[in-house]
Amino acid sequence: MIVTGAARGIGAATARRFAEEGAAVAVLDLDEGQAAAAAADLGATKAIGIGCDVSDAASVDAAVERVVEELGGVHVLVNNAGITRDNLLFKMTEGDWDAVMGVHLKGAFLMTKAVQKHFVEQKYGKVVNLSSISALGSRGQANYSAAKMGIQGFTRTLAIELGPFGVNANAVAPGFVVTEMTDDTARRLKMDVDEFRAMNAEANPVRRVGQVEDIAAAVTFLASDEASYVTGQTLYVDGGRTL
Ligand code: NAP
């Protein structure tokens, strides 16, 4: 199985959960050294780390080829790699827009295109894409919000096109989860990290923030055969924030 952006955060927790369940895991991330270190840390029977920029077609194709060669195949893809370049629309640059679209949307497209030929050949595959509650609208995140809602449309279309070939495609839309990404947001807003987490916990009906394991559990379920009748869906894992 492949998890992109898995050197840390939600991706790393997802890779760990799959490893615990016995999967052979490929950790893809920008930096090969960090990807390899994260893979070695999983304690998996079989795990590899590969340097890959998901927004670059040549890099993606080479990475997927290596996975198939070194792990003997690919059955699950988790499109998790992500970045934020937040700013109010009037201050958002074309570069901020392109960077976010490039990693989230183009990245998911390139990765899925590269694995789908293996999935279709073997008549089996699971795609899980990371969306976000920001898809529903989020001040200062026109680029990220558009990309994350785009992921939902992409997921539904994958489900329609690839369903007849034994492939399920679903998305997970996390609410606030404690990672570097949300800590960075706190710093950008000039807020104390703990205060920012507490404020977000208070805004959730369950009165806590999400942990990376909450998301890994949902991703693992959607990639399991127990969920083989679930496809094209986006599962909000957000402590009730969007209710
Ligand atoms: P994170 O801690 O920032 O980790 C993201 C990982 O993606 C980093 O290791 C990063 O590498 C890697 N990455 C960035 N650009 C890449 C590229 N072009 N190719 C390959 N890897 C790349 O983020 P996270 O919080 O775990 O988020 C994971 C996913 O969940 C993202 O799609 C995010 O949008 C989504 N999400 C997160 C939250 C949340 O509250 N945390 C909520 C909703 C959705 P570098 O460190 O080298 O940049």
# chains A, B, ... in the order shown; residues from 1 in each chain; ligands from 1
call {"tool": "residues_near_ligand", "arguments": {"ligand": "ligand 1", "cutoff": "6 Å", "atoms": "only C-alpha atoms and all ligand atoms", "output": "MDAnalysis selection string"}}
result
chainID A and resid 4:11 29:31 52:55 80:83 103 130:132 174:182
call {"tool": "select_by_dssp", "arguments": {"residues": "range 81-110 of chain A", "states": "alpha helix (DSSP H)", "output": "PDB file with all heavy atoms, in the first residue's frame"}}
result
ATOM      1  N   GLU A  94      -0.984  34.102  -7.157  1.00  0.00           N
ATOM      2  CA  GLU A  94      -1.173  33.023  -8.127  1.00  0.00           C
ATOM      3  C   GLU A  94      -0.316  31.816  -7.703  1.00  0.00           C
ATOM      4  O   GLU A  94      -0.722  30.660  -7.863  1.00  0.00           O
ATOM      5  CB  GLU A  94      -0.741  33.530  -9.504  1.00  0.00           C
ATOM      6  CG  GLU A  94      -1.335  32.747 -10.639  1.00  0.00           C
ATOM      7  CD  GLU A  94      -0.927  33.331 -11.987  1.00  0.00           C
ATOM      8  OE1 GLU A  94      -0.611  34.544 -12.072  1.00  0.00           O
ATOM      9  OE2 GLU A  94      -0.915  32.558 -12.958  1.00  0.00           O
ATOM     10  N   GLY A  95       0.847  32.104  -7.155  1.00  0.00           N
ATOM     11  CA  GLY A  95       1.733  31.033  -6.680  1.00  0.00           C
ATOM     12  C   GLY A  95       1.099  30.228  -5.550  1.00  0.00           C
ATOM     13  O   GLY A  95       1.211  29.000  -5.518  1.00  0.00           O
ATOM     14  N   ASP A  96       0.418  30.940  -4.603  1.00  0.00           N
ATOM     15  CA  ASP A  96      -0.269  30.259  -3.490  1.00  0.00           C
ATOM     16  C   ASP A  96      -1.366  29.335  -4.036  1.00  0.00           C
ATOM     17  O   ASP A  96      -1.588  28.233  -3.541  1.00  0.00           O
ATOM     18  CB  ASP A  96      -0.960  31.267  -2.557  1.00  0.00           C
ATOM     19  CG  ASP A  96       0.019  32.150  -1.794  1.00  0.00           C
ATOM     20  OD1 ASP A  96       1.180  31.741  -1.614  1.00  0.00           O
ATOM     21  OD2 ASP A  96      -0.396  33.266  -1.388  1.00  0.00           O
ATOM     22  N   TRP A  97      -2.068  29.833  -5.031  1.00  0.00           N
ATOM     23  CA  TRP A  97      -3.157  29.056  -5.641  1.00  0.00           C
ATOM     24  C   TRP A  97      -2.598  27.802  -6.322  1.00  0.00           C
ATOM     25  O   TRP A  97      -3.019  26.680  -6.071  1.00  0.00           O
ATOM     26  CB  TRP A  97      -3.914  29.920  -6.655  1.00  0.00           C
ATOM     27  CG  TRP A  97      -5.034  29.188  -7.327  1.00  0.00           C
ATOM     28  CD1 TRP A  97      -4.955  28.484  -8.497  1.00  0.00           C
ATOM     29  CD2 TRP A  97      -6.384  29.040  -6.873  1.00  0.00           C
ATOM     30  NE1 TRP A  97      -6.167  27.903  -8.788  1.00  0.00           N
ATOM     31  CE2 TRP A  97      -7.061  28.238  -7.810  1.00  0.00           C
ATOM     32  CE3 TRP A  97      -7.084  29.515  -5.753  1.00  0.00           C
ATOM     33  CZ2 TRP A  97      -8.410  27.895  -7.676  1.00  0.00           C
ATOM     34  CZ3 TRP A  97      -8.442  29.164  -5.613  1.00  0.00           C
ATOM     35  CH2 TRP A  97      -9.084  28.374  -6.568  1.00  0.00           C
ATOM     36  N   ASP A  98      -1.582  28.027  -7.182  1.00  0.00           N
ATOM     37  CA  ASP A  98      -1.026  26.914  -7.971  1.00  0.00           C
ATOM     38  C   ASP A  98      -0.375  25.857  -7.078  1.00  0.00           C
ATOM     39  O   ASP A  98      -0.491  24.661  -7.353  1.00  0.00           O
ATOM     40  CB  ASP A  98       0.011  27.436  -8.977  1.00  0.00           C
ATOM     41  CG  ASP A  98      -0.650  28.207 -10.123  1.00  0.00           C
ATOM     42  OD1 ASP A  98      -1.883  28.076 -10.296  1.00  0.00           O
ATOM     43  OD2 ASP A  98       0.070  28.939 -10.840  1.00  0.00           O
ATOM     44  N   ALA A  99       0.316  26.299  -6.031  1.00  0.00           N
ATOM     45  CA  ALA A  99       1.018  25.344  -5.162  1.00  0.00           C
ATOM     46  C   ALA A  99       0.013  24.399  -4.504  1.00  0.00           C
ATOM     47  O   ALA A  99       0.208  23.174  -4.479  1.00  0.00           O
ATOM     48  CB  ALA A  99       1.810  26.089  -4.094  1.00  0.00           C
ATOM     49  N   VAL A 100      -1.089  24.954  -3.993  1.00  0.00           N
ATOM     50  CA  VAL A 100      -2.088  24.137  -3.301  1.00  0.00           C
ATOM     51  C   VAL A 100      -2.811  23.201  -4.281  1.00  0.00           C
ATOM     52  O   VAL A 100      -2.993  22.008  -4.002  1.00  0.00           O
ATOM     53  CB  VAL A 100      -3.063  25.045  -2.510  1.00  0.00           C
ATOM     54  CG1 VAL A 100      -4.283  24.286  -2.039  1.00  0.00           C
ATOM     55  CG2 VAL A 100      -2.329  25.653  -1.314  1.00  0.00           C
ATOM     56  N   GLY A 107      -1.752  16.289  -7.559  1.00  0.00           N
ATOM     57  CA  GLY A 107      -1.069  15.179  -6.896  1.00  0.00           C
ATOM     58  C   GLY A 107      -1.959  13.947  -6.820  1.00  0.00           C
ATOM     59  O   GLY A 107      -1.534  12.839  -7.152  1.00  0.00           O
ATOM     60  N   ALA A 108      -3.206  14.143  -6.392  1.00  0.00           N
ATOM     61  CA  ALA A 108      -4.127  13.001  -6.287  1.00  0.00           C
ATOM     62  C   ALA A 108      -4.413  12.427  -7.676  1.00  0.00           C
ATOM     63  O   ALA A 108      -4.488  11.201  -7.858  1.00  0.00           O
ATOM     64  CB  ALA A 108      -5.423  13.436  -5.607  1.00  0.00           C
ATOM     65  N   PHE A 109      -4.543  13.306  -8.653  1.00  0.00           N
ATOM     66  CA  PHE A 109      -4.785  12.854 -10.028  1.00  0.00           C
ATOM     67  C   PHE A 109      -3.608  12.010 -10.541  1.00  0.00           C
ATOM     68  O   PHE A 109      -3.792  10.897 -11.041  1.00  0.00           O
ATOM     69  CB  PHE A 109      -5.006  14.082 -10.933  1.00  0.00           C
ATOM     70  CG  PHE A 109      -4.772  13.835 -12.405  1.00  0.00           C
ATOM     71  CD1 PHE A 109      -5.618  13.005 -13.129  1.00  0.00           C
ATOM     72  CD2 PHE A 109      -3.699  14.426 -13.063  1.00  0.00           C
ATOM     73  CE1 PHE A 109      -5.389  12.768 -14.493  1.00  0.00           C
ATOM     74  CE2 PHE A 109      -3.463  14.200 -14.411  1.00  0.00           C
ATOM     75  CZ  PHE A 109      -4.311  13.359 -15.129  1.00  0.00           C
ATOM     76  N   LEU A 110      -2.400  12.530 -10.403  1.00  0.00           N
ATOM     77  CA  LEU A 110      -1.218  11.826 -10.939  1.00  0.00           C
ATOM     78  C   LEU A 110      -1.011  10.488 -10.238  1.00  0.00           C
ATOM     79  O   LEU A 110      -0.745   9.469 -10.881  1.00  0.00           O
ATOM     80  CB  LEU A 110       0.041  12.690 -10.784  1.00  0.00           C
ATOM     81  CG  LEU A 110       0.128  13.945 -11.656  1.00  0.00           C
ATOM     82  CD1 LEU A 110       1.362  14.771 -11.272  1.00  0.00           C
ATOM     83  CD2 LEU A 110       0.169  13.582 -13.143  1.00  0.00           C
TER      84      LEU A 110
END
call {"tool": "closest_residue", "arguments": {"among": "A:Val167, A:Val68, A:Ala24, A:Met101", "to": "Asp225 in chain A", "atoms": "only C-alpha atoms"}}
result
A:Val167
call {"tool": "select_by_dssp", "arguments": {"residues": "range 45-239 of chain A", "states": "strand (DSSP E)", "output": "JSON, numbers by chain"}}
result
{"A": [47, 48, 49, 50, 51, 76, 77, 78, 79, 125, 126, 127, 128, 129, 130, 167, 168, 169, 170, 171, 172, 173, 174, 234, 235, 236, 237]}
call {"tool": "write_last_selection", "arguments": {"atoms": "N, CA, C and O atoms", "output": "short mmCIF file (atom, residue, chain, number, x, y, z; two decimals), in the first residue's frame"}}
result
data_model
loop_
_atom_site.label_atom_id
_atom_site.label_comp_id
_atom_site.auth_asym_id
_atom_site.auth_seq_id
_atom_site.Cartn_x
_atom_site.Cartn_y
_atom_site.Cartn_z
N ALA A 47 8.52 -2.44 4.69
CA ALA A 47 8.20 -1.01 4.52
C ALA A 47 9.34 -0.33 3.80
O ALA A 47 10.51 -0.60 4.07
N ILE A 48 8.99 0.55 2.87
CA ILE A 48 10.03 1.31 2.16
C ILE A 48 9.66 2.79 2.17
O ILE A 48 8.48 3.15 2.25
N GLY A 49 10.69 3.63 2.11
CA GLY A 49 10.47 5.07 2.03
C GLY A 49 11.00 5.57 0.70
O GLY A 49 12.11 5.20 0.29
N ILE A 50 10.20 6.37 0.02
CA ILE A 50 10.59 6.85 -1.31
C ILE A 50 10.39 8.37 -1.37
O ILE A 50 9.33 8.88 -0.99
N GLY A 51 11.39 9.07 -1.88
CA GLY A 51 11.26 10.51 -2.11
C GLY A 51 10.41 10.73 -3.34
O GLY A 51 10.70 10.16 -4.40
N VAL A 76 -3.61 -0.59 -2.32
CA VAL A 76 -4.26 0.53 -1.64
C VAL A 76 -3.45 1.80 -1.88
O VAL A 76 -2.21 1.77 -1.79
N LEU A 77 -4.14 2.88 -2.20
CA LEU A 77 -3.49 4.19 -2.32
C LEU A 77 -4.19 5.19 -1.41
O LEU A 77 -5.41 5.35 -1.49
N VAL A 78 -3.42 5.85 -0.56
CA VAL A 78 -3.98 6.92 0.27
C VAL A 78 -3.33 8.24 -0.17
O VAL A 78 -2.13 8.45 0.01
N ASN A 79 -4.14 9.10 -0.79
CA ASN A 79 -3.66 10.41 -1.24
C ASN A 79 -3.79 11.39 -0.08
O ASN A 79 -4.85 11.96 0.15
N GLY A 125 -8.64 -2.77 -6.02
CA GLY A 125 -7.91 -1.60 -5.56
C GLY A 125 -8.76 -0.73 -4.65
O GLY A 125 -10.00 -0.76 -4.70
N LYS A 126 -8.11 0.00 -3.77
CA LYS A 126 -8.80 0.92 -2.84
C LYS A 126 -8.09 2.26 -2.90
O LYS A 126 -6.86 2.31 -2.72
N VAL A 127 -8.86 3.31 -3.15
CA VAL A 127 -8.30 4.66 -3.10
C VAL A 127 -8.99 5.40 -1.96
O VAL A 127 -10.22 5.39 -1.87
N VAL A 128 -8.19 6.01 -1.08
CA VAL A 128 -8.77 6.88 -0.05
C VAL A 128 -8.08 8.23 -0.16
O VAL A 128 -6.85 8.32 -0.11
N ASN A 129 -8.87 9.27 -0.37
CA ASN A 129 -8.35 10.62 -0.56
C ASN A 129 -8.63 11.47 0.68
O ASN A 129 -9.71 11.35 1.28
N LEU A 130 -7.71 12.34 1.02
CA LEU A 130 -7.91 13.25 2.16
C LEU A 130 -8.56 14.54 1.67
O LEU A 130 -7.95 15.31 0.93
N VAL A 167 -12.62 -1.54 -8.02
CA VAL A 167 -11.91 -0.49 -7.27
C VAL A 167 -12.92 0.38 -6.51
O VAL A 167 -13.89 0.86 -7.08
N ASN A 168 -12.66 0.57 -5.20
CA ASN A 168 -13.46 1.49 -4.38
C ASN A 168 -12.68 2.78 -4.21
O ASN A 168 -11.46 2.75 -4.02
N ALA A 169 -13.40 3.90 -4.25
CA ALA A 169 -12.76 5.20 -4.00
C ALA A 169 -13.61 5.97 -3.01
O ALA A 169 -14.82 6.14 -3.20
N ASN A 170 -13.00 6.41 -1.94
CA ASN A 170 -13.70 7.19 -0.91
C ASN A 170 -12.79 8.29 -0.39
O ASN A 170 -11.59 8.29 -0.66
N ALA A 171 -13.39 9.23 0.33
CA ALA A 171 -12.60 10.31 0.92
C ALA A 171 -12.90 10.41 2.41
O ALA A 171 -13.99 10.06 2.87
N VAL A 172 -11.91 10.90 3.15
CA VAL A 172 -12.09 11.23 4.55
C VAL A 172 -11.89 12.74 4.67
O VAL A 172 -10.93 13.28 4.12
N ALA A 173 -12.83 13.40 5.35
CA ALA A 173 -12.73 14.85 5.54
C ALA A 173 -12.52 15.12 7.03
O ALA A 173 -13.49 15.18 7.80
N PRO A 174 -11.26 15.29 7.44
CA PRO A 174 -11.02 15.55 8.87
C PRO A 174 -11.43 16.96 9.27
O PRO A 174 -11.37 17.90 8.48
N THR A 234 -17.74 10.65 1.05
CA THR A 234 -16.82 11.42 1.89
C THR A 234 -17.27 11.28 3.32
O THR A 234 -18.40 11.63 3.66
N LEU A 235 -16.41 10.72 4.15
CA LEU A 235 -16.71 10.52 5.57
C LEU A 235 -16.09 11.66 6.37
O LEU A 235 -14.87 11.83 6.40
N TYR A 236 -16.97 12.47 7.00
CA TYR A 236 -16.48 13.57 7.84
C TYR A 236 -16.09 13.01 9.21
O TYR A 236 -16.91 12.40 9.88
N VAL A 237 -14.83 13.20 9.57
CA VAL A 237 -14.32 12.72 10.86
C VAL A 237 -13.88 13.98 11.60
O VAL A 237 -12.73 14.42 11.52
#
call {"tool": "residues_around", "arguments": {"residues": "Leu89 in chain A", "least_positions_apart": "6", "cutoff": "10 Å", "atoms": "only C-alpha atoms", "output": "PyMOL selection string"}}
result
chain A and resi 97+139-143
call {"tool": "closest_residue", "arguments": {"among": "A:Pro164, A:Gly72, A:Gly22, A:Gly240", "to": "Ala203 in chain A", "atoms": "only C-alpha atoms"}}
result
A:Gly240
